[in-house]
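Below is one structure, written out as structure tokens, with a few remarks after it.
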Amino acid sequence: MRAFISAVILTATMHATVHAQSLAEAQRDIDNENYFRAKNTLFKLLNDPLQKGDALYYLGNAYLKTDDVDSAKVFYKLAYNPDTKTPNSYLANGRLALLNKNLAEAKLNFDRAAQITRMKNALVFYEAGDAYFRPNVIDAKLAISNLEQAHQIDNKNTAIMLNLGDAYLS
């Protein structure tokens with residue numbers, strides 16, 4: 001019986017690790033502009049209820065960065081769930097607001113995402129800064145401000161540093 005329970009726990013742990021790695025790989029693929037591979041990975045993650053919201057958000061990012069704004073809007077709408085109140089849900093709503101040219105609502109949603117993480121998650125600030133900056137420069141000052149906050153939290157992340165450098169150059 002103990003062997004069976006150990007096997008179940010080991011399988012569940014491996015299953016969670018594979019999905020976490022897949023989401024991280026998809027994020028990395030988006031940062032490296034390998035959108036096709038990122039989309040394939042993210043579509044596979046839609047079957048996992050624990051990863052679905054994050055996968056929808058990053059699918060929106062992948063479509064937005066390939067200039068398919070309508071598809072990005074669809075995925076951001078699906079990712080936003082006011083009942084769950086997760087950072088990625090607010091990030092999705094913020095990006096959707098930016099696409100609809102509502103800067104005030106976008107800032108409010110990005111601030112909510114940061115507050116949920118107690119202002120300690122570099123990825124939230126990175127995503128907010130990226131939203132203001134890519135694929136079009138909407139507000140370079142807000143992009144730089146968010147990317148600097150992300151860099152203060154995680155100063156070893158090269159994606160943050162590269163985006164911050166690009167934002168300064170803009």
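By convention in this document, the chains of the structure tokens carry letters A, B, ... by their order, each chain's residues are numbered from 1, and ligands are numbered from 1 in the order they are shown.
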Return as a Markdown table the residues of stretch 124-152 of chain A lying at most 10 Å from stretch 57-78 of chain A, together with the closest atom-to-atom pair for each and the distance in Å to one decimal, counting only C-alpha atoms, with rows in chain order and ascending residue number.
| residue | atom | partner | partner_atom | distance |
| --- | --- | --- | --- | --- |
| A:Glu127 | CA | A:Asn61 | CA | 9.6 |
| A:Asp130 | CA | A:Asn61 | CA | 9.9 |
| A:Ala131 | CA | A:Asn61 | CA | 9.0 |
| A:Arg134 | CA | A:Lys65 | CA | 7.5 |
| A:Pro135 | CA | A:Lys65 | CA | 5.9 |
| A:Asn136 | CA | A:Lys65 | CA | 9.5 |
For those residues, write N, CA, C and O atoms to a file as a PDB file, in the first residue's frame.
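File written: out_10.pdb
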ATOM      1  N   GLU A 127       5.749  42.088 -17.099  1.00  0.00           N
ATOM      2  CA  GLU A 127       4.627  41.999 -18.031  1.00  0.00           C
ATOM      3  C   GLU A 127       3.937  43.346 -18.209  1.00  0.00           C
ATOM      4  O   GLU A 127       3.536  43.703 -19.315  1.00  0.00           O
ATOM      5  N   ASP A 130       6.231  45.458 -20.309  1.00  0.00           N
ATOM      6  CA  ASP A 130       6.184  44.934 -21.668  1.00  0.00           C
ATOM      7  C   ASP A 130       4.901  45.373 -22.369  1.00  0.00           C
ATOM      8  O   ASP A 130       4.911  45.697 -23.552  1.00  0.00           O
ATOM      9  N   ALA A 131       3.801  45.393 -21.644  1.00  0.00           N
ATOM     10  CA  ALA A 131       2.518  45.791 -22.237  1.00  0.00           C
ATOM     11  C   ALA A 131       2.544  47.242 -22.694  1.00  0.00           C
ATOM     12  O   ALA A 131       1.986  47.579 -23.740  1.00  0.00           O
ATOM     13  N   ARG A 134       5.490  46.923 -25.844  1.00  0.00           N
ATOM     14  CA  ARG A 134       5.453  46.030 -26.996  1.00  0.00           C
ATOM     15  C   ARG A 134       4.031  45.592 -27.300  1.00  0.00           C
ATOM     16  O   ARG A 134       3.268  45.373 -26.388  1.00  0.00           O
ATOM     17  N   PRO A 135       3.616  45.443 -28.498  1.00  0.00           N
ATOM     18  CA  PRO A 135       4.354  45.594 -29.739  1.00  0.00           C
ATOM     19  C   PRO A 135       4.492  47.051 -30.181  1.00  0.00           C
ATOM     20  O   PRO A 135       5.307  47.364 -31.032  1.00  0.00           O
ATOM     21  N   ASN A 136       3.709  47.955 -29.598  1.00  0.00           N
ATOM     22  CA  ASN A 136       3.833  49.382 -29.901  1.00  0.00           C
ATOM     23  C   ASN A 136       4.139  50.135 -28.617  1.00  0.00           C
ATOM     24  O   ASN A 136       3.654  49.764 -27.559  1.00  0.00           O
TER      25      ASN A 136
END
Margin query: as a ChimeraX atom specification, please: every residue in stretch 1-163 of chain A that a backbone DSSP assignment puts in helix (DSSP H, G or I).
Written below: /A:2-31,35-45,52-65,69-79,87-99,103-116,122-133,140-153,158-163
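Of the listed residues A:Ala24, A:Gly165, A:Ala104, A:Ala113, the one whose atoms come nearest to A:Leu91 is A:Ala113, with distances taken using only C-alpha atoms.
Distances to A:His151 were evaluated for A:Ser170, A:Ile138, A:Pro87, A:Lys120 using only C-alpha atoms, and the minimum falls at A:Lys120.
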Checklist line | For A:Asn157: contacts at 12 Å, only C-alpha atoms, fewer than 4 positions along chain excluded, given as a list in words | finding: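 Neighbouring residues, sequence-local ones excluded: Arg28, Asp31, Ala122, Leu123, Tyr126, Leu147, Glu148, Ala150, His151, Gln152, Ile153, Met161, Leu162, Asn163 and Leu164 of chain A.
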Margin query: Given only C-alpha atoms as the basis, pick out the residue of A:Ile160, A:Leu169, A:Asn146, A:Lys141 nearest to A:Ala114.
Written below: A:Asn146
Next item on the list: Quick one: pull the distance between atom CA of A:Asn155 and atom CA of A:Val137, Å, one decimal.
Entry: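 Separation between atom CA of A:Asn155 and atom CA of A:Val137: 23.3 Å.
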Next item on the list: Give me, please, the distance in Å between atom CA of A:Ala79 and atom CA of A:Leu42, quoted to one decimal.
Entry: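 Separation between atom CA of A:Ala79 and atom CA of A:Leu42: 12.7 Å.
Here atom CA of A:Pro82 is placed at a distance of 23.3 Å from atom CA of A:Gln27.
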